[in-house]
>>> print(open('coords03.pdb').read())   # PDB, C-alpha atoms and all ligand atoms
ATOM      1  CA  MET A   9      27.828   7.591  59.988
ATOM      2  CA  ALA A  10      29.200   4.185  60.960
ATOM      3  CA  HIS A  11      32.029   2.676  58.975
ATOM      4  CA  ILE A  12      31.282  -0.846  57.805
ATOM      5  CA  LEU A  13      34.800  -1.284  56.400
ATOM      6  CA  LYS A  14      38.044   0.195  57.627
ATOM      7  CA  THR A  15      41.650  -0.545  56.777
ATOM      8  CA  ASP A  16      44.694   0.602  58.716
ATOM      9  CA  ASN A  17      47.966   0.841  56.812
ATOM     10  CA  LEU A  18      47.369  -2.165  54.587
ATOM     11  CA  THR A  19      50.416  -3.118  52.592
ATOM     12  CA  LYS A  20      50.958  -5.808  49.970
ATOM     13  CA  SER A  21      53.980  -6.174  47.766
ATOM     14  CA  PHE A  22      54.853  -8.519  44.932
ATOM     15  CA  GLY A  23      58.608  -8.957  44.997
ATOM     16  CA  GLY A  24      59.914  -5.397  45.030
ATOM     17  CA  LEU A  25      56.655  -3.860  43.831
ATOM     18  CA  LEU A  26      54.487  -2.186  46.467
ATOM     19  CA  ALA A  27      51.084  -2.846  44.907
ATOM     20  CA  VAL A  28      49.214  -1.627  48.011
ATOM     21  CA  ASN A  29      51.223   0.821  50.068
ATOM     22  CA  ASN A  30      49.988   1.825  53.529
ATOM     23  CA  VAL A  31      46.350   2.125  52.549
ATOM     24  CA  SER A  32      44.004   3.413  55.263
ATOM     25  CA  ILE A  33      40.431   3.857  54.103
ATOM     26  CA  LYS A  34      36.950   3.954  55.565
ATOM     27  CA  VAL A  35      33.692   3.048  53.853
ATOM     28  CA  ASP A  36      30.425   4.326  55.318
ATOM     29  CA  GLU A  37      27.713   1.779  55.972
ATOM     30  CA  GLY A  38      24.985   1.990  53.334
ATOM     31  CA  SER A  39      27.119   4.077  50.991
ATOM     32  CA  ILE A  40      28.090   3.568  47.392
ATOM     33  CA  THR A  41      31.793   4.307  47.468
ATOM     34  CA  GLY A  42      33.970   4.344  44.375
ATOM     35  CA  LEU A  43      37.607   3.378  43.862
ATOM     36  CA  ILE A  44      39.456   4.810  40.883
ATOM     37  CA  GLY A  45      43.011   5.105  39.690
ATOM     38  CA  PRO A  46      44.968   4.464  36.499
ATOM     39  CA  ASN A  47      45.817   0.902  35.436
ATOM     40  CA  GLY A  48      48.115  -0.836  37.859
ATOM     41  CA  SER A  49      47.312   1.481  40.791
ATOM     42  CA  GLY A  50      46.589  -1.446  43.093
ATOM     43  CA  LYS A  51      42.780  -1.332  43.115
ATOM     44  CA  THR A  52      42.214  -5.023  42.436
ATOM     45  CA  THR A  53      45.040  -5.950  44.785
ATOM     46  CA  LEU A  54      43.368  -3.903  47.525
ATOM     47  CA  PHE A  55      40.116  -5.829  46.932
ATOM     48  CA  ASN A  56      42.064  -9.098  46.988
ATOM     49  CA  VAL A  57      43.652  -8.230  50.300
ATOM     50  CA  ILE A  58      40.410  -6.991  51.889
ATOM     51  CA  SER A  59      38.466 -10.055  50.734
ATOM     52  CA  GLY A  60      41.148 -12.441  51.953
ATOM     53  CA  ALA A  61      42.137 -13.747  48.504
ATOM     54  CA  LEU A  62      45.620 -12.395  49.260
ATOM     55  CA  LYS A  63      47.228 -12.004  52.658
ATOM     56  CA  ALA A  64      48.415  -8.514  53.520
ATOM     57  CA  ASP A  65      52.100  -8.101  54.402
ATOM     58  CA  SER A  66      51.014  -5.770  57.187
ATOM     59  CA  GLY A  67      48.106  -3.643  58.308
ATOM     60  CA  LYS A  68      44.626  -4.334  59.629
ATOM     61  CA  THR A  69      41.159  -4.647  58.168
ATOM     62  CA  TYR A  70      37.927  -4.260  60.127
ATOM     63  CA  PHE A  71      34.553  -5.260  58.737
ATOM     64  CA  ASP A  72      31.290  -4.762  60.562
ATOM     65  CA  GLY A  73      33.144  -4.053  63.790
ATOM     66  CA  LYS A  74      35.411  -7.107  63.684
ATOM     67  CA  ARG A  75      38.982  -7.565  62.631
ATOM     68  CA  ILE A  76      39.061  -9.745  59.498
ATOM     69  CA  ASP A  77      42.620  -9.587  58.173
ATOM     70  CA  GLY A  78      44.198 -12.995  58.416
ATOM     71  CA  LEU A  79      40.842 -14.771  58.169
ATOM     72  CA  PRO A  80      40.481 -17.229  55.280
ATOM     73  CA  CYS A  81      38.387 -15.811  52.459
ATOM     74  CA  HIS A  82      35.437 -18.153  53.033
ATOM     75  CA  LEU A  83      34.997 -16.762  56.550
ATOM     76  CA  ILE A  84      35.142 -13.200  55.266
ATOM     77  CA  TYR A  85      32.535 -14.174  52.664
ATOM     78  CA  LYS A  86      30.392 -15.715  55.391
ATOM     79  CA  ALA A  87      30.682 -12.554  57.454
ATOM     80  CA  GLY A  88      28.922 -10.774  54.576
ATOM     81  CA  LEU A  89      31.776  -9.194  52.634
ATOM     82  CA  VAL A  90      31.536 -10.536  49.082
ATOM     83  CA  ARG A  91      33.436  -9.545  45.962
ATOM     84  CA  THR A  92      32.938  -9.930  42.227
ATOM     85  CA  PHE A  93      35.649 -10.203  39.612
ATOM     86  CA  GLN A  94      36.881  -7.954  36.830
ATOM     87  CA  VAL A  95      36.147 -10.805  34.403
ATOM     88  CA  PRO A  96      32.904 -12.685  35.190
ATOM     89  CA  ARG A  97      33.517 -16.198  36.496
ATOM     90  CA  LEU A  98      30.440 -17.922  35.171
ATOM     91  CA  PHE A  99      29.788 -21.482  34.080
ATOM     92  CA  GLN A 100      29.099 -20.676  30.449
ATOM     93  CA  LYS A 101      27.518 -24.024  29.628
ATOM     94  CA  MET A 102      25.132 -24.037  32.551
ATOM     95  CA  THR A 103      21.871 -22.166  32.837
ATOM     96  CA  VAL A 104      21.551 -18.805  34.498
ATOM     97  CA  LEU A 105      19.588 -20.360  37.356
ATOM     98  CA  ASP A 106      22.162 -23.112  37.871
ATOM     99  CA  ASN A 107      24.904 -20.496  38.009
ATOM    100  CA  MET A 108      23.006 -18.819  40.835
ATOM    101  CA  LEU A 109      22.499 -22.079  42.714
ATOM    102  CA  ILE A 110      26.133 -23.034  42.426
ATOM    103  CA  ALA A 111      27.090 -19.661  43.835
ATOM    104  CA  ALA A 112      25.188 -20.589  46.977
ATOM    105  CA  ARG A 113      27.522 -23.531  47.235
ATOM    106  CA  GLY A 114      30.465 -21.459  46.114
ATOM    107  CA  LEU A 115      32.486 -22.265  49.180
ATOM    108  CA  VAL A 116      32.959 -25.897  48.226
ATOM    109  CA  GLY A 117      35.527 -26.761  45.556
ATOM    110  CA  GLU A 118      34.045 -25.981  42.165
ATOM    111  CA  ARG A 119      34.417 -29.408  40.611
ATOM    112  CA  LEU A 120      32.865 -31.114  43.582
ATOM    113  CA  THR A 121      30.037 -28.616  43.547
ATOM    114  CA  VAL A 122      29.140 -29.282  39.953
ATOM    115  CA  THR A 123      28.926 -33.030  40.479
ATOM    116  CA  PHE A 124      27.023 -32.720  43.691
ATOM    117  CA  PHE A 125      24.762 -30.117  42.234
ATOM    118  CA  GLN A 126      23.743 -32.297  39.313
ATOM    119  CA  SER A 127      22.296 -34.922  41.607
ATOM    120  CA  TRP A 128      18.525 -35.029  41.831
ATOM    121  CA  ALA A 129      18.592 -35.325  45.607
ATOM    122  CA  TRP A 130      20.437 -32.076  45.925
ATOM    123  CA  LYS A 131      17.889 -30.288  43.784
ATOM    124  CA  ARG A 132      15.073 -31.504  45.980
ATOM    125  CA  GLN A 133      16.780 -30.154  49.064
ATOM    126  CA  GLU A 134      17.383 -26.792  47.585
ATOM    127  CA  GLU A 135      13.894 -25.557  46.761
ATOM    128  CA  GLY A 136      14.357 -22.647  49.144
ATOM    129  CA  LEU A 137      17.512 -21.667  47.340
ATOM    130  CA  ILE A 138      15.741 -21.833  44.006
ATOM    131  CA  LYS A 139      13.096 -19.411  45.258
ATOM    132  CA  LYS A 140      15.771 -17.076  46.484
ATOM    133  CA  ALA A 141      17.707 -17.307  43.219
ATOM    134  CA  LEU A 142      14.601 -16.548  41.168
ATOM    135  CA  ALA A 143      13.753 -13.553  43.340
ATOM    136  CA  ILE A 144      17.262 -12.157  42.833
ATOM    137  CA  LEU A 145      17.082 -12.804  39.073
ATOM    138  CA  GLU A 146      13.797 -10.915  39.047
ATOM    139  CA  MET A 147      15.429  -7.922  40.773
ATOM    140  CA  LEU A 148      18.167  -7.938  38.155
ATOM    141  CA  ASP A 149      15.745  -8.248  35.196
ATOM    142  CA  LEU A 150      17.205 -11.668  34.432
ATOM    143  CA  TYR A 151      14.208 -13.807  35.372
ATOM    144  CA  HIS A 152      13.253 -14.360  31.734
ATOM    145  CA  GLN A 153      16.769 -15.636  31.089
ATOM    146  CA  ARG A 154      16.759 -18.194  33.893
ATOM    147  CA  LYS A 155      16.773 -21.225  31.567
ATOM    148  CA  ASN A 156      19.173 -19.721  29.062
ATOM    149  CA  LEU A 157      22.833 -20.750  29.137
ATOM    150  CA  ALA A 158      25.048 -18.194  30.856
ATOM    151  CA  GLY A 159      27.307 -18.228  27.795
ATOM    152  CA  ASN A 160      24.451 -16.898  25.664
ATOM    153  CA  LEU A 161      23.877 -13.774  27.746
ATOM    154  CA  SER A 162      24.941 -10.316  26.599
ATOM    155  CA  GLY A 163      27.997  -8.795  28.270
ATOM    156  CA  GLY A 164      25.812  -6.606  30.479
ATOM    157  CA  GLN A 165      23.633  -9.515  31.532
ATOM    158  CA  MET A 166      26.736 -11.521  32.437
ATOM    159  CA  LYS A 167      27.874  -8.707  34.698
ATOM    160  CA  LEU A 168      24.422  -8.606  36.328
ATOM    161  CA  LEU A 169      24.476 -12.374  36.769
ATOM    162  CA  GLU A 170      27.877 -12.090  38.415
ATOM    163  CA  MET A 171      26.310  -9.635  40.846
ATOM    164  CA  GLY A 172      23.344 -11.958  41.337
ATOM    165  CA  ARG A 173      25.704 -14.767  42.293
ATOM    166  CA  ALA A 174      27.268 -12.521  44.913
ATOM    167  CA  LEU A 175      23.808 -11.679  46.283
ATOM    168  CA  MET A 176      23.133 -15.368  46.941
ATOM    169  CA  ALA A 177      25.507 -15.024  49.907
ATOM    170  CA  ASP A 178      23.199 -12.518  51.666
ATOM    171  CA  PRO A 179      26.052 -10.024  51.781
ATOM    172  CA  LYS A 180      26.150  -6.862  53.848
ATOM    173  CA  MET A 181      28.690  -5.338  51.517
ATOM    174  CA  LEU A 182      29.731  -5.981  47.926
ATOM    175  CA  LEU A 183      33.140  -5.245  46.456
ATOM    176  CA  LEU A 184      32.549  -4.894  42.726
ATOM    177  CA  ASP A 185      35.608  -4.963  40.491
ATOM    178  CA  GLU A 186      34.580  -3.113  37.340
ATOM    179  CA  PRO A 187      30.907  -4.162  37.304
ATOM    180  CA  ALA A 188      30.423  -2.498  33.930
ATOM    181  CA  ALA A 189      33.706  -3.438  32.234
ATOM    182  CA  GLY A 190      33.352  -4.223  28.553
ATOM    183  CA  VAL A 191      29.636  -3.465  28.266
ATOM    184  CA  SER A 192      28.034  -0.968  25.902
ATOM    185  CA  PRO A 193      27.623   2.605  27.206
ATOM    186  CA  LEU A 194      23.823   2.341  27.456
ATOM    187  CA  VAL A 195      24.067  -0.743  29.614
ATOM    188  CA  VAL A 196      26.598   0.869  31.935
ATOM    189  CA  ASP A 197      23.915   3.170  33.336
ATOM    190  CA  LYS A 198      21.497   0.315  33.683
ATOM    191  CA  ILE A 199      24.002  -1.600  35.799
ATOM    192  CA  PHE A 200      24.638   1.392  38.033
ATOM    193  CA  GLU A 201      20.909   2.080  38.351
ATOM    194  CA  LYS A 202      20.511  -1.511  39.553
ATOM    195  CA  ILE A 203      23.239  -0.948  42.120
ATOM    196  CA  VAL A 204      21.400   2.117  43.436
ATOM    197  CA  GLU A 205      18.163   0.104  43.571
ATOM    198  CA  LEU A 206      19.849  -2.742  45.470
ATOM    199  CA  ARG A 207      21.344  -0.362  47.983
ATOM    200  CA  GLN A 208      17.836   0.968  48.562
ATOM    201  CA  SER A 209      15.946  -2.316  48.693
ATOM    202  CA  LEU A 210      18.526  -4.486  50.473
ATOM    203  CA  GLY A 211      20.391  -1.851  52.465
ATOM    204  CA  LEU A 212      23.694  -2.974  51.000
ATOM    205  CA  THR A 213      26.981  -1.109  51.026
ATOM    206  CA  PHE A 214      28.877  -0.996  47.729
ATOM    207  CA  PHE A 215      32.573  -0.415  47.099
ATOM    208  CA  ILE A 216      33.121  -0.201  43.364
ATOM    209  CA  ILE A 217      36.137  -0.072  41.087
ATOM    210  CA  GLU A 218      35.265   1.637  37.820
ATOM    211  CA  HIS A 219      37.272   3.273  35.060
ATOM    212  CA  ARG A 220      34.514   5.520  33.738
ATOM    213  CA  ILE A 221      35.037   8.336  36.158
ATOM    214  CA  GLU A 222      32.028  10.419  35.168
ATOM    215  CA  THR A 223      29.700   7.478  35.575
ATOM    216  CA  LEU A 224      31.148   6.688  38.945
ATOM    217  CA  PHE A 225      30.820  10.297  40.089
ATOM    218  CA  ASN A 226      27.123  10.213  39.127
ATOM    219  CA  TYR A 227      26.289   7.222  41.259
ATOM    220  CA  THR A 228      28.611   7.346  44.263
ATOM    221  CA  ASP A 229      28.544   9.166  47.580
ATOM    222  CA  ARG A 230      32.324   9.273  47.828
ATOM    223  CA  VAL A 231      35.285   8.206  45.724
ATOM    224  CA  ILE A 232      38.755   7.101  46.782
ATOM    225  CA  VAL A 233      41.619   7.661  44.334
ATOM    226  CA  MET A 234      44.660   5.369  44.224
ATOM    227  CA  PHE A 235      47.896   5.856  42.382
ATOM    228  CA  LYS A 236      50.975   3.633  42.558
ATOM    229  CA  GLY A 237      49.610   1.705  45.518
ATOM    230  CA  GLN A 238      48.692   4.725  47.603
ATOM    231  CA  VAL A 239      45.512   6.645  48.308
ATOM    232  CA  ILE A 240      46.170  10.108  46.905
ATOM    233  CA  ALA A 241      42.732  11.705  47.330
ATOM    234  CA  GLU A 242      39.182  11.062  48.441
ATOM    235  CA  GLY A 243      35.955  12.987  48.419
ATOM    236  CA  LYS A 244      32.900  13.734  46.352
ATOM    237  CA  GLY A 245      33.200  13.698  42.572
ATOM    238  CA  LYS A 246      32.805  17.476  42.420
ATOM    239  CA  GLU A 247      35.764  18.000  44.741
ATOM    240  CA  LEU A 248      37.950  15.462  42.994
ATOM    241  CA  VAL A 249      37.640  16.907  39.493
ATOM    242  CA  GLU A 250      39.225  20.068  40.877
ATOM    243  CA  ASP A 251      41.924  18.308  42.883
ATOM    244  CA  PRO A 252      45.316  18.979  41.249
ATOM    245  CA  LYS A 253      46.697  15.611  42.408
ATOM    246  CA  VAL A 254      43.863  13.768  40.686
ATOM    247  CA  ILE A 255      44.133  15.858  37.545
ATOM    248  CA  ASP A 256      47.885  15.188  37.430
ATOM    249  CA  VAL A 257      47.446  11.449  37.690
ATOM    250  CA  TYR A 258      44.869  11.323  34.938
ATOM    251  CA  LEU A 259      46.546  13.813  32.623
ATOM    252  CA  GLY A 260      49.656  11.717  32.982
ATOM    253  CA  GLU A 261      47.738   8.768  31.628
ATOM    254  CA  TYR A 262      45.638  10.198  28.840
TER
HETATM  255  N1  LIG B 301      49.703 -11.657  41.474
HETATM  256  C1  LIG B 301      50.545 -10.673  41.134
HETATM  257  N2  LIG B 301      51.868 -10.896  41.038
HETATM  258  C2  LIG B 301      52.726  -9.897  40.714
HETATM  259  N3  LIG B 301      52.351  -8.637  40.479
HETATM  260  C3  LIG B 301      51.043  -8.356  40.543
HETATM  261  C4  LIG B 301      50.065  -9.356  40.873
HETATM  262  N4  LIG B 301      48.845  -8.769  40.892
HETATM  263  C5  LIG B 301      49.039  -7.483  40.582
HETATM  264  N5  LIG B 301      50.358  -7.212  40.370
HETATM  265  C6  LIG B 301      50.939  -5.913  40.058
HETATM  266  O1  LIG B 301      50.527  -5.023  41.081
HETATM  267  C7  LIG B 301      50.202  -3.747  40.544
HETATM  268  C8  LIG B 301      48.752  -3.415  40.882
HETATM  269  O2  LIG B 301      47.904  -4.258  40.134
HETATM  270  P1  LIG B 301      46.337  -4.246  40.267
HETATM  271  O3  LIG B 301      45.823  -5.356  39.438
HETATM  272  O4  LIG B 301      45.987  -4.253  41.698
HETATM  273  O5  LIG B 301      45.980  -2.823  39.633
HETATM  274  P2  LIG B 301      44.569  -2.207  39.235
HETATM  275  O6  LIG B 301      44.545  -0.842  39.837
HETATM  276  O7  LIG B 301      43.474  -3.143  39.577
HETATM  277  O8  LIG B 301      44.721  -2.068  37.659
HETATM  278  P3  LIG B 301      43.613  -2.191  36.493
HETATM  279  O9  LIG B 301      42.897  -0.868  36.484
HETATM  280  O10 LIG B 301      44.430  -2.365  35.255
HETATM  281  O11 LIG B 301      42.720  -3.359  36.782
HETATM  282  C9  LIG B 301      50.474  -3.826  39.059
HETATM  283  O12 LIG B 301      51.762  -3.325  38.817
HETATM  284  C10 LIG B 301      50.395  -5.317  38.776
HETATM  285  O13 LIG B 301      51.200  -5.658  37.678
HETATM  286 MG    MG B 302      42.050  -4.137  38.457
END
>>> encode(input="coords03.pdb", output="structure tokens")
Amino acid sequence: MAHILKTDNLTKSFGGLLAVNNVSIKVDEGSITGLIGPNGSGKTTLFNVISGALKADSGKTYFDGKRIDGLPCHLIYKAGLVRTFQVPRLFQKMTVLDNMLIAARGLVGERLTVTFFQSWAWKRQEEGLIKKALAILEMLDLYHQRKNLAGNLSGGQMKLLEMGRALMADPKMLLLDEPAAGVSPLVVDKIFEKIVELRQSLGLTFFIIEHRIETLFNYTDRVIVMFKGQVIAEGKGKELVEDPKVIDVYLGEY
């Protein structure tokens, strides 16, 4: 199977702390791949480096056959590699639909976008985008919430909206940083079922950080385990639960 994402010896340190230490990973195209590891393992930092939010100290990243490390994050986003955040970054006082439309303009400075967006002329030009946004909201079971303020959504719906905003970019691959963080256990499965559906219907590749290991094992093809900045194991959930290195790391924590 082709690799849509590959890193070679990526390294990122903060002062003396090696947050990402020589990380070489591969993600299969069309897969749902998980990324786990105790708090502070470097998972979010790895996403930040891959997505261009942070510059790696050294190492290479390839996406869709092209080298992307060193590119500014808006070009990586344009290439189809889009990430979401551990804490949703929504405009609470704007409607769900407006949050989607702004995401489509997410590459312009946020303040400028809001002003520009509120102009009537802009709205007229963006009918195509509105159609697209509504279709995505429909896929995420958020269509009925389109006129509601984002701040009034449930935690789970906010996480889905965050994913919807990422989908406005027509991504090839999504990096999801804890897409089910802080939502009730019942909703966690709903979010992961949506991810499986989106992989099917849109042919997307997913790379997902998640703390609920059992959930992640249920929905992923492969999981990569990080600890103290390094990849210490990778494989299918079944293999990992028996891997002494993984057990050690988690027993150490709990
Ligand atoms: N901007 C930063 N400046 C300094 N240190 C940072 C910065 N970002 C992360 N770190 C440190 O780097 C290490 C890795 O952090 P990171 O957020 O990548 O971990 P994580 O695996 O995502 O953890 P969590 O599961 O808690 O989200 C931690 O020790 C963290 O304190
Ligand atoms: Mg994190």
>>> resolve_selection(input="coords03.pdb", expression="the PyMOL selection byres (((chain A and resi 232-237) around 7) and not hetatm)", output="PyMOL selection string")
chain A and resi 26-29+42-46+49-50+230-231+238-243
>>> residues_around(input="coords03.pdb", residues="Thr41 in chain A", least_positions_apart="4", cutoff="8 Å", atoms="only C-alpha atoms", output="list of chain:residue names")
A:Val35, A:Asp36, A:Phe214, A:Phe215, A:Ile216, A:Thr228, A:Asp229, A:Arg230, A:Val231, A:Ile232
>>> resolve_selection(input="coords03.pdb", expression="the PyMOL selection byres (((chain A and resi 53) around 10) and not hetatm)", output="JSON, numbers by chain")
{"A": [19, 20, 21, 27, 28, 48, 49, 50, 51, 52, 54, 55, 56, 57, 58, 59, 61, 62, 64, 237]}
>>> closest_residue(input="coords03.pdb", among="A:Asp149, A:Asp185, A:Glu222, A:Asp106", to="ligand MG 302 (chain B)", atoms="all atoms listed in the file")
A:Asp185
>>> atom_distance(input="coords03.pdb", atom1="CA of Ala112 in chain A", atom2="CA of Met176 in chain A")
5.6 Å
>>> atom_distance(input="coords03.pdb", atom1="CA of Phe71 in chain A", atom2="CA of Ile12 in chain A")
5.6 Å
>>> resolve_selection(input="coords03.pdb", expression="the PyMOL selection byres (((chain A and resi 66) around 9) and not hetatm)", output="PyMOL selection string")
chain A and resi 17-20+30+63-65+67-68
>>> atom_distance(input="coords03.pdb", atom1="atom C10 of ligand LIG 301 (chain B)", atom2="CA of Ile199 in chain A")
26.8 Å
>>> closest_residue(input="coords03.pdb", among="A:Val95, A:Ile221, A:Leu109, A:Leu83", to="ligand MG 302 (chain B)", atoms="only C-alpha atoms and all ligand atoms")
A:Val95
>>> residues_around(input="coords03.pdb", residues="range 139-147 of chain A", least_positions_apart="4", cutoff="7 Å", atoms="all atoms listed in the file", output="VMD selection string")
chain A and resid 105 108 to 109 135 151 172 176
>>> closest_residue(input="coords03.pdb", among="A:Asn47, A:Thr213, A:Thr223, A:Gln94", to="ligand LIG 301 (chain B)", atoms="all atoms listed in the file")
A:Asn47
>>> closest_residue(input="coords03.pdb", among="A:Lys244, A:Lys253, A:His219, A:Arg75", to="ligand MG 302 (chain B)", atoms="only C-alpha atoms and all ligand atoms")
A:His219
>>> residues_around(input="coords03.pdb", residues="Met181 in chain A", least_positions_apart="5", cutoff="10 Å", atoms="all atoms listed in the file", output="JSON, numbers by chain")
{"A": [12, 13, 37, 38, 39, 40, 71, 72, 85, 87, 88, 89, 90, 91, 174, 175, 207, 211, 212, 213, 214, 215]}
>>> residues_around(input="coords03.pdb", residues="Arg97 in chain A", least_positions_apart="6", cutoff="10 Å", atoms="all atoms listed in the file", output="list in words")
Asn107, Met166, Lys167, Leu169, Glu170 and Arg173 of chain A
>>> closest_residue(input="coords03.pdb", among="A:Gly163, A:Gly78, A:Pro187, A:Gly73", to="ligand LIG 301 (chain B)", atoms="only C-alpha atoms and all ligand atoms")
A:Pro187
>>> closest_residue(input="coords03.pdb", among="A:Tyr258, A:Phe22, A:Tyr227, A:Phe99", to="ligand LIG 301 (chain B)", atoms="all atoms listed in the file")
A:Phe22
>>> axis_aligned_box(input="coords03.pdb", around="range 91-100 of chain A", padding_each_side="5 Å", output="lines of an AutoDock Vina configuration file")
center_x = 33.0
center_y = -14.7
center_z = 38.2
size_x = 17.8
size_y = 23.5
size_z = 25.5
>>> build_atoms(input="coords03.pdb", residues="range 188-195 of chain A", atoms="all heavy atoms", output="tab-separated table (two decimals), in the coordinates of the input")
chain	number	residue	atom	x	y	z
A	188	ALA	N	30.92	-2.84	35.26
A	188	ALA	CA	30.42	-2.50	33.93
A	188	ALA	C	31.53	-2.58	32.89
A	188	ALA	O	31.42	-2.01	31.81
A	188	ALA	CB	29.82	-1.10	33.95
A	189	ALA	N	32.60	-3.34	33.19
A	189	ALA	CA	33.71	-3.44	32.23
A	189	ALA	C	33.24	-4.13	30.97
A	189	ALA	O	32.54	-5.14	31.02
A	189	ALA	CB	34.86	-4.22	32.85
A	190	GLY	N	33.60	-3.56	29.84
A	190	GLY	CA	33.35	-4.22	28.55
A	190	GLY	C	31.90	-4.24	28.11
A	190	GLY	O	31.56	-4.96	27.17
A	191	VAL	N	31.03	-3.48	28.75
A	191	VAL	CA	29.64	-3.46	28.27
A	191	VAL	C	29.36	-2.16	27.54
A	191	VAL	O	30.08	-1.17	27.71
A	191	VAL	CB	28.61	-3.71	29.41
A	191	VAL	CG1	28.98	-4.95	30.21
A	191	VAL	CG2	28.49	-2.51	30.31
A	192	SER	N	28.29	-2.15	26.72
A	192	SER	CA	28.03	-0.97	25.90
A	192	SER	C	27.59	0.20	26.80
A	192	SER	O	27.01	-0.01	27.86
A	192	SER	CB	26.97	-1.28	24.86
A	192	SER	OG	25.74	-1.47	25.52
A	193	PRO	N	27.87	1.43	26.37
A	193	PRO	CA	27.62	2.60	27.21
A	193	PRO	C	26.20	2.68	27.76
A	193	PRO	O	26.00	3.06	28.91
A	193	PRO	CB	27.90	3.78	26.26
A	193	PRO	CG	28.87	3.23	25.27
A	193	PRO	CD	28.54	1.78	25.10
A	194	LEU	N	25.21	2.28	26.98
A	194	LEU	CA	23.82	2.34	27.46
A	194	LEU	C	23.60	1.41	28.64
A	194	LEU	O	22.86	1.72	29.57
A	194	LEU	CB	22.87	1.92	26.34
A	194	LEU	CG	22.53	2.99	25.32
A	194	LEU	CD1	21.68	2.40	24.20
A	194	LEU	CD2	21.80	4.15	26.00
A	195	VAL	N	24.26	0.27	28.58
A	195	VAL	CA	24.07	-0.74	29.61
A	195	VAL	C	24.79	-0.36	30.91
A	195	VAL	O	24.38	-0.74	31.99
A	195	VAL	CB	24.52	-2.12	29.09
A	195	VAL	CG1	24.29	-3.20	30.12
A	195	VAL	CG2	23.77	-2.46	27.80
